[in-house]
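What follows is upload-v6.csv (CSV, C-alpha atoms).
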chain,number,residue,atom,x,y,z
A,1,MET,CA,162.3,148.9,-3.4
A,2,SER,CA,163.7,147.3,-6.6
A,3,GLU,CA,162.0,145.6,-9.6
A,4,GLU,CA,158.6,144.1,-8.7
A,5,GLY,CA,159.3,144.6,-5.0
A,6,LYS,CA,162.4,142.4,-5.0
A,7,ILE,CA,164.9,143.0,-2.2
A,8,LEU,CA,167.8,141.7,-4.3
A,9,SER,CA,167.7,142.3,-8.0
A,10,LYS,CA,169.9,142.7,-11.1
A,11,GLY,CA,171.3,146.0,-12.3
A,12,LYS,CA,173.6,146.8,-15.2
A,13,TYR,CA,176.0,144.4,-16.9
A,14,PHE,CA,179.7,144.7,-16.2
A,15,ASN,CA,181.2,143.7,-19.6
A,16,GLU,CA,184.8,143.6,-18.4
A,17,SER,CA,184.1,141.2,-15.6
A,18,SER,CA,181.2,139.1,-16.8
A,19,GLU,CA,179.3,140.1,-13.7
A,20,TRP,CA,176.1,142.0,-13.1
A,21,GLU,CA,175.5,144.9,-10.8
A,22,LEU,CA,173.6,143.9,-7.6
A,23,LEU,CA,170.7,146.1,-6.4
A,24,PHE,CA,169.7,145.9,-2.7
A,25,ASN,CA,166.3,147.6,-2.2
A,26,GLY,CA,166.9,149.4,-5.4
A,27,GLN,CA,170.3,150.8,-4.4
A,28,SER,CA,173.4,149.9,-6.3
A,29,ILE,CA,176.0,147.9,-4.5
A,30,ASP,CA,179.7,148.5,-5.2
A,31,ILE,CA,181.1,145.5,-7.0
A,32,LYS,CA,183.8,144.9,-4.3
A,33,ASP,CA,181.0,144.4,-1.8
A,34,GLY,CA,178.6,142.3,-3.9
A,35,TYR,CA,177.6,141.3,-7.4
A,36,LEU,CA,175.5,138.8,-9.3
A,37,TYR,CA,176.0,136.0,-11.9
A,38,GLU,CA,173.0,135.4,-14.2
A,39,ASP,CA,172.1,131.9,-15.4
A,40,LYS,CA,172.7,132.0,-19.2
A,41,ASP,CA,170.2,129.1,-19.9
A,42,SER,CA,167.2,130.5,-18.1
A,43,GLY,CA,168.0,134.1,-18.4
A,44,LYS,CA,166.3,134.5,-15.0
A,45,ALA,CA,167.9,132.6,-12.1
A,46,TYR,CA,171.1,133.9,-10.8
A,47,TRP,CA,173.8,133.4,-8.1
A,48,ILE,CA,174.6,136.3,-5.7
A,49,LYS,CA,178.0,136.9,-4.0
A,50,ILE,CA,178.2,139.1,-0.9
A,51,LYS,CA,181.6,140.2,0.5
A,52,ASN,CA,180.8,143.1,2.8
A,53,PRO,CA,180.0,142.1,6.5
A,54,ILE,CA,177.7,145.0,7.1
A,55,LEU,CA,175.7,144.3,3.9
A,56,TYR,CA,175.6,140.6,5.0
A,57,LYS,CA,174.0,141.6,8.3
A,58,LYS,CA,171.4,143.8,6.5
A,59,ILE,CA,170.5,141.1,4.0
A,60,ILE,CA,170.0,138.2,6.5
A,61,SER,CA,167.5,140.4,8.4
A,62,HIS,CA,165.1,139.3,5.6
A,63,THR,CA,163.5,135.9,4.9
A,64,ALA,CA,164.9,133.5,2.4
A,65,THR,CA,161.7,133.7,0.5
A,66,GLU,CA,162.0,137.4,0.1
A,67,LEU,CA,165.6,137.2,-0.9
A,68,MET,CA,165.5,134.3,-3.4
A,69,LYS,CA,162.6,134.9,-5.7
A,70,ASP,CA,164.8,134.4,-8.7
A,71,ALA,CA,168.1,133.5,-7.2
A,72,THR,CA,169.6,130.0,-7.3
A,73,GLY,CA,171.8,130.8,-4.2
A,74,ILE,CA,173.5,133.5,-2.2
A,75,ASP,CA,177.1,133.2,-1.1
A,76,PHE,CA,178.2,135.3,2.0
A,77,GLU,CA,181.9,135.6,2.5
A,78,ILE,CA,182.2,136.5,6.1
A,79,ASN,CA,185.5,135.2,7.5
A,80,PHE,CA,184.2,135.0,11.1
A,81,ASN,CA,186.7,134.0,13.8
A,82,PHE,CA,185.3,131.5,16.3
A,83,ASN,CA,188.0,132.4,18.8
A,84,ASP,CA,190.3,135.4,18.7
A,85,ASN,CA,193.2,133.4,20.2
A,86,PHE,CA,192.9,130.6,17.6
A,87,GLU,CA,193.1,132.0,14.1
A,88,SER,CA,193.7,128.7,12.3
A,89,SER,CA,189.9,127.9,12.2
A,90,TYR,CA,187.1,130.2,11.2
A,91,LEU,CA,183.8,130.3,9.4
A,92,HIS,CA,184.8,131.3,5.8
A,93,GLU,CA,181.5,131.3,4.0
A,94,ILE,CA,177.7,130.8,4.4
A,95,GLU,CA,175.8,129.7,1.3
A,96,ILE,CA,172.0,129.7,0.9
A,97,ILE,CA,170.9,127.4,-1.9
A,98,LYS,CA,167.4,126.9,-3.2
A,99,ILE,CA,166.5,123.2,-3.6
A,100,PRO,CA,165.0,122.7,-7.1
A,101,LYS,CA,161.9,120.7,-7.5
A,102,GLN,CA,163.5,118.5,-10.1
A,103,LYS,CA,167.0,118.2,-11.4
A,104,GLN,CA,167.6,120.8,-14.1
A,105,HIS,CA,170.9,121.8,-15.8
A,106,ARG,CA,171.7,125.4,-15.0
A,107,ASP,CA,175.2,125.8,-16.4
A,108,ASN,CA,178.0,125.9,-13.9
A,109,LEU,CA,175.9,128.1,-11.6
A,110,ASP,CA,173.8,125.2,-10.2
A,111,VAL,CA,176.4,124.1,-7.8
A,112,ILE,CA,173.9,122.1,-5.8
A,113,TYR,CA,174.6,119.1,-8.0
A,114,PHE,CA,178.3,119.6,-7.6
A,115,TYR,CA,178.1,119.7,-3.8
A,116,PHE,CA,175.5,117.0,-3.1
A,117,SER,CA,174.6,113.5,-4.3
A,118,GLY,CA,171.0,112.6,-5.1
A,119,GLU,CA,170.8,110.8,-1.8
A,120,GLU,CA,172.1,113.8,0.2
A,121,LEU,CA,169.7,116.1,-1.6
A,122,SER,CA,166.8,113.8,-0.8
A,123,LYS,CA,167.8,113.9,2.9
A,124,LEU,CA,168.2,117.7,3.0
A,125,SER,CA,165.0,118.4,1.1
A,126,LYS,CA,163.0,116.5,3.8
A,127,ASP,CA,164.1,119.3,6.2
A,128,GLY,CA,163.3,122.3,4.0
A,129,LYS,CA,163.1,124.1,0.7
A,130,TYR,CA,166.6,125.5,1.1
A,131,ILE,CA,170.1,124.4,2.1
A,132,ILE,CA,172.2,126.5,4.3
A,133,LEU,CA,175.9,125.5,3.9
A,134,PHE,CA,178.4,126.6,6.5
A,135,CYS,CA,182.0,126.4,5.2
A,136,ILE,CA,184.5,126.1,8.1
A,137,SER,CA,188.1,126.8,6.9
A,138,ILE,CA,191.0,125.2,8.9
A,139,ARG,CA,194.3,126.7,7.6
A,140,MET,CA,197.1,124.3,7.1
A,141,ASP,CA,199.8,126.9,6.3
A,142,ASN,CA,199.8,128.4,9.8
A,143,TRP,CA,199.0,125.3,11.9
A,144,LYS,CA,201.3,125.4,14.9
A,145,ASN,CA,199.4,123.3,17.5
A,146,PRO,CA,200.7,120.3,19.3
A,147,TRP,CA,197.7,118.2,18.1
A,148,THR,CA,197.3,117.5,14.4
A,149,LEU,CA,194.9,119.2,12.0
A,150,LYS,CA,193.3,115.8,11.3
A,151,GLU,CA,192.7,115.2,15.1
A,152,HIS,CA,191.1,118.7,15.3
A,153,LEU,CA,188.8,118.0,12.3
A,154,ASN,CA,187.8,114.5,13.6
A,155,GLU,CA,187.0,115.9,17.0
A,156,LEU,CA,185.0,118.8,15.6
A,157,ARG,CA,183.0,116.5,13.4
A,158,ARG,CA,182.3,114.3,16.4
A,159,THR,CA,181.2,117.3,18.5
A,160,LEU,CA,178.9,118.6,15.8
A,161,ASN,CA,177.3,115.1,15.5
A,162,GLU,CA,176.3,115.4,19.1
A,163,SER,CA,174.9,119.0,18.7
A,164,GLU,CA,171.6,120.3,17.3
A,165,LEU,CA,173.3,120.2,13.9
A,166,LYS,CA,173.6,116.4,14.0
A,167,ASN,CA,171.1,115.9,11.1
A,168,GLY,CA,173.2,117.8,8.6
A,169,ILE,CA,175.5,116.6,5.9
A,170,GLN,CA,179.3,116.9,6.5
A,171,GLN,CA,181.8,117.1,3.7
A,172,LEU,CA,185.5,117.6,3.6
A,173,ARG,CA,187.3,119.6,0.9
A,174,MET,CA,190.8,120.8,0.2
A,175,MET,CA,191.1,124.4,-1.0
A,176,ILE,CA,193.9,126.6,-2.2
A,177,GLY,CA,192.8,130.1,-2.6
A,178,PRO,CA,192.5,133.6,-1.2
A,179,ILE,CA,191.3,133.0,2.3
A,180,LEU,CA,191.6,136.2,4.4
A,181,ASP,CA,194.8,137.2,2.7
A,182,GLY,CA,197.3,135.6,0.3
A,183,ASN,CA,197.0,132.1,-1.2
A,184,ASN,CA,196.6,129.8,1.8
A,185,LEU,CA,196.2,126.0,1.9
A,186,SER,CA,193.1,125.1,3.9
A,187,GLN,CA,191.0,122.1,4.8
A,188,ILE,CA,187.3,122.9,4.4
A,189,LEU,CA,184.6,121.3,6.5
A,190,ARG,CA,181.2,122.0,4.9
A,191,LEU,CA,178.2,121.5,7.1
A,192,ALA,CA,174.9,121.5,5.2
A,193,GLN,CA,171.5,121.9,6.9
A,194,GLY,CA,168.0,121.7,5.4
A,195,TYR,CA,166.1,124.9,6.1
A,196,ASN,CA,162.4,126.0,5.9
A,197,CYS,CA,161.8,129.7,5.9
A,198,ASN,CA,158.5,129.7,8.0
A,199,GLY,CA,158.4,133.5,7.7
A,200,SER,CA,161.4,134.0,10.0
A,201,PRO,CA,164.4,136.2,8.9
A,202,LEU,CA,167.5,134.3,8.0
A,203,ASN,CA,169.5,135.7,10.9
A,204,THR,CA,167.3,133.9,13.5
A,205,TYR,CA,168.5,130.5,12.2
A,206,ILE,CA,172.0,131.5,11.1
A,207,ASP,CA,173.0,133.2,14.3
A,208,LYS,CA,171.7,130.2,16.3
A,209,CYS,CA,173.9,127.9,14.1
A,210,ILE,CA,177.0,130.1,14.4
A,211,ASN,CA,176.6,130.0,18.2
A,212,ILE,CA,176.5,126.2,18.1
A,213,LEU,CA,179.5,126.1,15.8
A,214,THR,CA,181.4,128.5,18.1
A,215,THR,CA,180.6,126.3,21.1
A,216,ALA,CA,181.8,123.2,19.3
A,217,GLN,CA,185.0,124.9,18.3
A,218,THR,CA,185.6,126.1,21.8
A,219,GLU,CA,185.0,122.6,23.2
A,220,VAL,CA,187.5,121.0,20.8
A,221,LEU,CA,190.1,123.7,21.5
A,222,GLU,CA,189.7,123.4,25.3
A,223,LYS,CA,189.9,119.6,25.1
A,224,TYR,CA,193.2,119.6,23.2
A,225,GLN,CA,194.6,122.4,25.2
A,226,ARG,CA,193.9,120.5,28.5
A,227,GLU,CA,195.7,117.5,27.1
A,228,SER,CA,198.5,119.5,25.7
A,229,PHE,CA,199.1,121.6,28.8
A,230,THR,CA,199.7,118.7,31.2
A,231,GLU,CA,203.3,119.8,31.3
A,232,ALA,CA,202.7,123.6,31.3
A,233,ILE,CA,202.7,126.7,33.4
A,234,ALA,CA,199.2,127.8,34.4
A,235,GLU,CA,198.7,131.2,36.0
A,236,LYS,CA,195.3,132.5,37.0
A,237,PHE,CA,194.4,136.2,37.1
A,238,ASN,CA,191.3,138.3,38.0
A,239,PHE,CA,191.8,141.5,36.1
A,240,PRO,CA,189.6,144.6,36.6
A,241,PRO,CA,187.2,144.7,33.6
A,242,GLU,CA,188.5,148.1,32.5
A,243,VAL,CA,192.0,146.8,31.9
A,244,LYS,CA,191.5,143.1,31.1
A,245,THR,CA,192.0,143.4,27.4
A,246,ALA,CA,195.3,145.4,27.8
A,247,CYS,CA,196.6,142.9,30.4
A,248,LYS,CA,195.7,139.9,28.2
A,249,GLN,CA,197.6,141.5,25.2
A,250,TYR,CA,200.7,141.8,27.4
A,251,LEU,CA,200.4,138.2,28.5
A,252,LEU,CA,200.2,136.9,24.9
A,253,TYR,CA,203.4,138.7,24.0
A,254,PHE,CA,205.2,136.4,26.6
A,255,THR,CA,205.9,133.7,24.0
A,256,GLU,CA,207.8,136.1,21.9
A,257,PHE,CA,209.7,137.2,25.0
A,258,LEU,CA,210.6,133.6,25.6
A,259,GLU,CA,211.7,133.2,22.0
A,260,ASP,CA,214.1,136.0,22.5
A,261,MET,CA,215.5,134.1,25.5
A,262,GLY,CA,216.0,131.1,23.3
A,263,ILE,CA,212.9,129.1,24.5
A,264,GLU,CA,210.2,128.0,22.1
A,265,ALA,CA,206.7,127.8,23.6
A,266,ILE,CA,203.0,128.0,22.9
A,267,SER,CA,200.5,129.9,25.0
A,268,SER,CA,196.8,130.2,25.4
A,269,ILE,CA,194.3,132.3,27.3
A,270,GLN,CA,191.1,130.8,28.7
A,271,GLU,CA,188.3,132.7,30.5
A,272,GLN,CA,185.7,131.4,32.9
A,273,ASP,CA,183.6,133.2,35.5
A,274,GLY,CA,185.6,136.4,35.1
A,275,ASP,CA,189.0,134.6,35.7
A,276,VAL,CA,191.7,134.6,33.1
A,277,THR,CA,194.0,131.5,32.9
A,278,PHE,CA,197.2,131.9,31.1
A,279,LEU,CA,198.8,128.7,29.9
A,280,VAL,CA,202.4,128.3,28.6
A,281,GLU,CA,203.9,125.1,27.3
A,282,PRO,CA,207.4,124.6,26.1
A,283,ARG,CA,207.7,122.9,22.7
A,284,ASN,CA,210.8,121.1,24.0
A,285,LYS,CA,209.5,118.9,26.8
A,286,ALA,CA,213.0,118.8,28.3
A,287,GLU,CA,212.8,122.5,29.0
A,288,ALA,CA,212.5,123.1,32.7
A,289,LEU,CA,209.1,124.5,33.7
A,290,SER,CA,210.7,126.3,36.7
A,291,LYS,CA,212.8,128.2,34.2
A,292,ILE,CA,209.7,129.4,32.3
A,293,ALA,CA,207.9,130.2,35.6
A,294,ASN,CA,210.8,132.4,36.7
A,295,LEU,CA,210.8,134.2,33.4
A,296,LEU,CA,207.1,134.8,33.6
A,297,LYS,CA,207.5,136.3,37.1
A,298,ILE,CA,210.2,138.6,35.8
A,299,TYR,CA,208.1,139.5,32.8
A,300,LEU,CA,205.1,140.4,34.9
A,301,TYR,CA,207.1,142.6,37.2
A,302,LEU,CA,209.0,144.4,34.5
A,303,PRO,CA,206.3,147.0,33.6
A,304,SER,CA,206.1,148.3,37.2
A,305,SER,CA,209.9,148.3,37.7
A,306,PRO,CA,212.1,151.3,37.2
A,307,LEU,CA,214.1,149.1,34.8
A,308,ALA,CA,211.4,149.5,32.2
A,309,GLY,CA,211.9,153.3,32.3
A,310,SER,CA,215.6,153.1,32.2
A,311,TYR,CA,215.8,152.4,28.5
A,312,ALA,CA,214.8,154.7,25.7
A,313,ASN,CA,216.8,154.4,22.6
A,314,PRO,CA,214.8,154.1,19.4
A,315,LEU,CA,218.0,153.7,17.3
A,316,ASP,CA,219.1,150.6,19.2
A,317,SER,CA,219.5,147.7,16.8
A,318,ASN,CA,218.5,145.2,19.5
A,319,LEU,CA,215.1,144.1,18.2
A,320,ALA,CA,214.3,142.0,21.3
A,321,LEU,CA,214.7,145.0,23.5
A,322,GLN,CA,212.7,147.2,21.1
A,323,ARG,CA,209.8,144.8,21.0
A,324,LEU,CA,209.7,144.4,24.8
A,325,THR,CA,209.9,148.1,25.4
A,326,SER,CA,207.1,148.7,22.9
A,327,GLN,CA,204.9,146.2,24.7
A,328,ILE,CA,205.5,147.8,28.1
A,329,HIS,CA,204.8,151.3,26.7
A,330,HIS,CA,201.6,150.0,25.0
A,331,LEU,CA,200.4,148.5,28.3
A,332,ASN,CA,201.2,151.7,30.2
A,333,SER,CA,199.3,153.8,27.7
A,334,GLN,CA,196.2,151.5,27.9
A,335,LEU,CA,196.3,151.7,31.7
A,336,THR,CA,196.6,155.5,31.6
A,337,LEU,CA,193.7,155.6,29.3
A,338,ALA,CA,191.6,153.4,31.6
A,339,THR,CA,192.4,155.6,34.6
A,340,ALA,CA,191.5,158.7,32.6
A,341,THR,CA,188.1,157.1,31.7
A,342,ILE,CA,187.4,156.3,35.3
A,343,GLN,CA,188.2,159.8,36.4
A,344,GLN,CA,186.0,161.3,33.7
A,345,GLN,CA,183.1,159.2,35.0
A,346,ALA,CA,183.8,160.6,38.5
A,347,ALA,CA,183.6,164.1,37.1
A,348,THR,CA,180.4,163.3,35.4
A,349,ILE,CA,178.6,162.3,38.6
A,350,GLN,CA,180.3,164.9,40.8
A,351,GLN,CA,177.3,167.2,40.8
A,352,LYS,CA,174.7,164.4,41.4
A,353,ASP,CA,173.0,163.4,44.6
A,354,PHE,CA,174.7,162.8,47.9
A,355,LEU,CA,173.6,159.2,47.7
A,356,ILE,CA,176.2,158.4,45.1
A,357,GLN,CA,179.0,160.1,46.9
A,358,GLN,CA,180.5,156.7,47.9
A,359,GLN,CA,180.4,155.5,44.3
A,360,GLN,CA,182.3,158.6,43.2
A,361,GLN,CA,184.9,158.1,45.9
A,362,PHE,CA,185.4,154.6,44.8
A,363,ILE,CA,185.8,155.6,41.1
A,364,GLN,CA,188.3,158.3,42.0
A,365,SER,CA,190.4,155.8,44.0
A,366,GLN,CA,190.8,153.6,40.9
A,367,GLN,CA,194.3,154.3,39.6
A,368,PHE,CA,195.5,151.6,37.1
A,369,THR,CA,199.3,151.0,37.1
A,370,PRO,CA,201.4,148.1,35.8
A,371,GLN,CA,201.2,146.7,39.4
A,372,VAL,CA,197.7,145.4,38.3
A,373,LEU,CA,199.5,142.5,36.7
A,374,ILE,CA,200.8,141.4,40.1
A,375,ASP,CA,197.8,142.3,42.2
A,376,SER,CA,195.5,140.4,39.9
A,377,MET,CA,197.3,137.1,40.3
A,378,LYS,CA,195.1,134.7,42.2
A,379,ASP,CA,197.9,132.6,43.7
A,380,SER,CA,199.3,134.8,46.5
A,381,LYS,CA,202.6,132.7,46.6
A,382,ASN,CA,203.5,134.2,43.2
A,383,HIS,CA,203.3,137.7,44.5
A,384,GLU,CA,206.8,137.5,45.9
A,385,GLU,CA,209.1,139.6,43.7
A,386,PRO,CA,211.6,137.5,41.7
A,387,LEU,CA,215.3,137.7,42.3
A,388,LEU,CA,218.0,138.0,39.7
A,389,GLY,CA,220.7,135.6,40.6
A,390,ASP,CA,219.9,136.0,44.3
A,391,LEU,CA,221.4,139.5,44.1
A,392,VAL,CA,218.8,142.0,43.2
A,393,LYS,CA,215.0,142.3,42.9
A,394,VAL,CA,213.5,143.3,39.6
A,395,GLY,CA,212.0,146.3,41.3
A,396,ASP,CA,215.3,147.5,42.5
A,397,TYR,CA,217.2,150.0,40.3
A,398,GLU,CA,220.7,149.7,41.6
A,399,MET,CA,222.9,146.6,42.3
A,400,GLY,CA,225.5,147.9,44.7
A,401,PRO,CA,227.4,150.7,43.0
A,402,LEU,CA,226.3,149.4,39.6
A,403,LYS,CA,223.1,150.7,38.0
A,404,LEU,CA,221.2,147.8,36.3
A,405,LYS,CA,219.5,148.9,33.1
A,406,LEU,CA,217.1,147.0,30.8
A,407,PRO,CA,219.7,146.1,28.1
A,408,GLN,CA,221.9,144.5,30.7
A,409,LEU,CA,219.0,142.7,32.3
A,410,ILE,CA,218.0,141.1,28.9
A,411,GLN,CA,221.5,140.0,28.2
A,412,TRP,CA,221.8,138.6,31.7
A,413,LEU,CA,218.6,136.7,31.3
A,414,LYS,CA,219.7,135.2,28.0
A,415,GLU,CA,222.9,134.0,29.5
A,416,GLN,CA,221.3,132.5,32.6
A,417,PHE,CA,218.5,130.7,30.8
A,418,LYS,CA,220.7,129.2,28.2
A,419,LYS,CA,222.6,127.3,30.9
With the file now loaded, output its structure as structure tokens.
Amino acid sequence: MSEEGKILSKGKYFNESSEWELLFNGQSIDIKDGYLYEDKDSGKAYWIKIKNPILYKKIISHTATELMKDATGIDFEINFNFNDNFESSYLHEIEIIKIPKQKQHRDNLDVIYFYFSGEELSKLSKDGKYIILFCISIRMDNWKNPWTLKEHLNELRRTLNESELKNGIQQLRMMIGPILDGNNLSQILRLAQGYNCNGSPLNTYIDKCINILTTAQTEVLEKYQRESFTEAIAEKFNFPPEVKTACKQYLLYFTEFLEDMGIEAISSIQEQDGDVTFLVEPRNKAEALSKIANLLKIYLYLPSSPLAGSYANPLDSNLALQRLTSQIHHLNSQLTLATATIQQQAATIQQKDFLIQQQQQFIQSQQFTPQVLIDSMKDSKNHEEPLLGDLVKVGDYEMGPLKLKLPQLIQWLKEQFKK
């Protein structure tokens, strides 16, 4: 361990960057993963910045008392996504700040007096010796939702006020800076909680708070999605667990497929009790839902149709065709991998007791093909194969004497759905 048994301590001075080396249990941390600013006035207290998620996990397995013997605060930059299908909102930072016994000037490092008023500090100090500040970033530059960012923020704040975090201090800030990548304009919701160490590691409390924040974000997202998708296509699936991720990825590409057909839409995936609900809403309310429903049927049948294998021309300049083919090939490769994994499991248990023979037979019977997209649909009425102009089914390869290939199909669809 480092100097005087400290878990986090100061190493050498980086002259060129005005930062100090950070030592974790006596081991030097690369400056890109973490570093330290020293308080020039006291020559002792310092502020720590952590940017590596693995290092963050290791550090919060210790108590606040162990970590902050001399530190004014620790800033963890984690960029945690609450929902993989909603990238506009995420937990950007968590800051641990020691509450001083009395107001002291500590240069620009003592951000506690920049963040909080005396009244807010008084309230937070009643709940503990430390402040844990959760910084939720909501990006404005990529906001493409039918509800406004302001509505989302207001509903999130209301939901948090009804949660276990209701006694915290909420603050709104505007930020322009390097969030995830590039310079993005974001609205920042800071939620401050008073915290007492009580001998427990930080992760006990932080993980609990992150779970509450994630639940709150999910509730807000589901609320607005329900309201937004009143005029939408909703299709339910029950995918086998082994291929659920691959099938969901294929579903999410459907909005780009629609865009190539000249239809702008937004989509979302919700999961409950093992079921996957795929929601699609046209941005133009005048757009016929039946048109989108027919396209979705065609889209779901395409990977299992010979049409998908009738096209292979990497030099074709038709980007829509290239993107669709790429998605179908990716789905097929994932299904093949899942099948191989299942067969490997069967081989592993082949030599074991007779009692598991039935299990082996079941595993060996699992063959994942693109047909899983259709077979997993919960509404049996949607299993009927779609017709193209009442002439040919998507699964058919020939239309009379004329062979129908994927490029002709895409062109035909564009012409039909632009009418």
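For Asn52 (chain A), the residues within 9 Å (counting only C-alpha atoms, excluding itself and residues fewer than 6 positions away along the chain) are Lys32, Asp33, Gly34, Phe76, Glu77 and Ile78 of chain A.
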Point to revise | Top pick for closest residue to Ile138 (chain A), considering A:Gln187, A:Asn332, A:Ser304, A:Thr325 and counting all atoms listed in the file | key: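 The shortest atom-to-atom distance to Ile138 (chain A) comes from A:Gln187.
Closest approach to Leu153 (chain A) among A:Ile136, A:Leu296, A:Ile7, A:Leu185: A:Ile136, based on only C-alpha atoms.
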**Study point:** Residues near Pro241 (chain A), cut-off 12 Å, all atoms listed in the file, skip fewer than 6 positions along chain, as JSON, numbers by chain
**Key:** {"A": [247, 248, 274, 275, 276, 335, 338, 342, 368, 372, 376]}
Practice item. Measuring atom to atom with all atoms listed in the file, identify which of A:Thr369, A:Gln272, A:Gln225, A:Thr255 is nearest to Ser333 (chain A). Key: A:Thr369
Review point. Which polymer residues have any atom within 12 Å of an atom of Glu155 (chain A), counting all atoms listed in the file, with same-chain residues fewer than 6 positions away left out, as a PyMOL selection string?
Key: chain A and resi 147-149+161-162+216-224
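Interatomic distance, CA of Ile374 (chain A) to CA of Pro240 (chain A): 12.2 Å.
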Check your understanding: From the list A:Leu189, A:Ile29, A:Ile96, A:Leu373, which residue is nearest Asp75 (chain A) when using all atoms listed in the file?
Key -> A:Ile96
Check your understanding: Looking at only C-alpha atoms, which of A:Ser267, A:Asn294, A:Gln344, A:Gln322 is the one that sits closest to Pro146 (chain A)?
Key ->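 Of A:Ser267, A:Asn294, A:Gln344, A:Gln322, the one nearest Pro146 (chain A), counting only C-alpha atoms, is A:Ser267.
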Check your understanding: Quick one: distance from CA of Lys6 (chain A) to CA of Leu133 (chain A) in Å, one decimal?
Key -> 23.4 Å
Revision key, fill the gap. As a check of understanding: the span from CA of Pro303 (chain A) to CA of Leu251 (chain A) is 11.8 Å
Review point. Which of these, A:Gln371, A:Arg190, A:Tyr35, A:Gly73, has the shortest distance to Ser137 (chain A) once you count only C-alpha atoms?
Key: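 Using only C-alpha atoms, the shortest distance to Ser137 (chain A) belongs to A:Arg190.
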Point to revise | Polymer residues at most 10 Å from region 115-124 of chain A, only C-alpha atoms, same-chain spacing of 3 or more positions, as a ChimeraX atom specification | key: /A:99-100,103,110-112,127-133,167-169,171,190,192-195
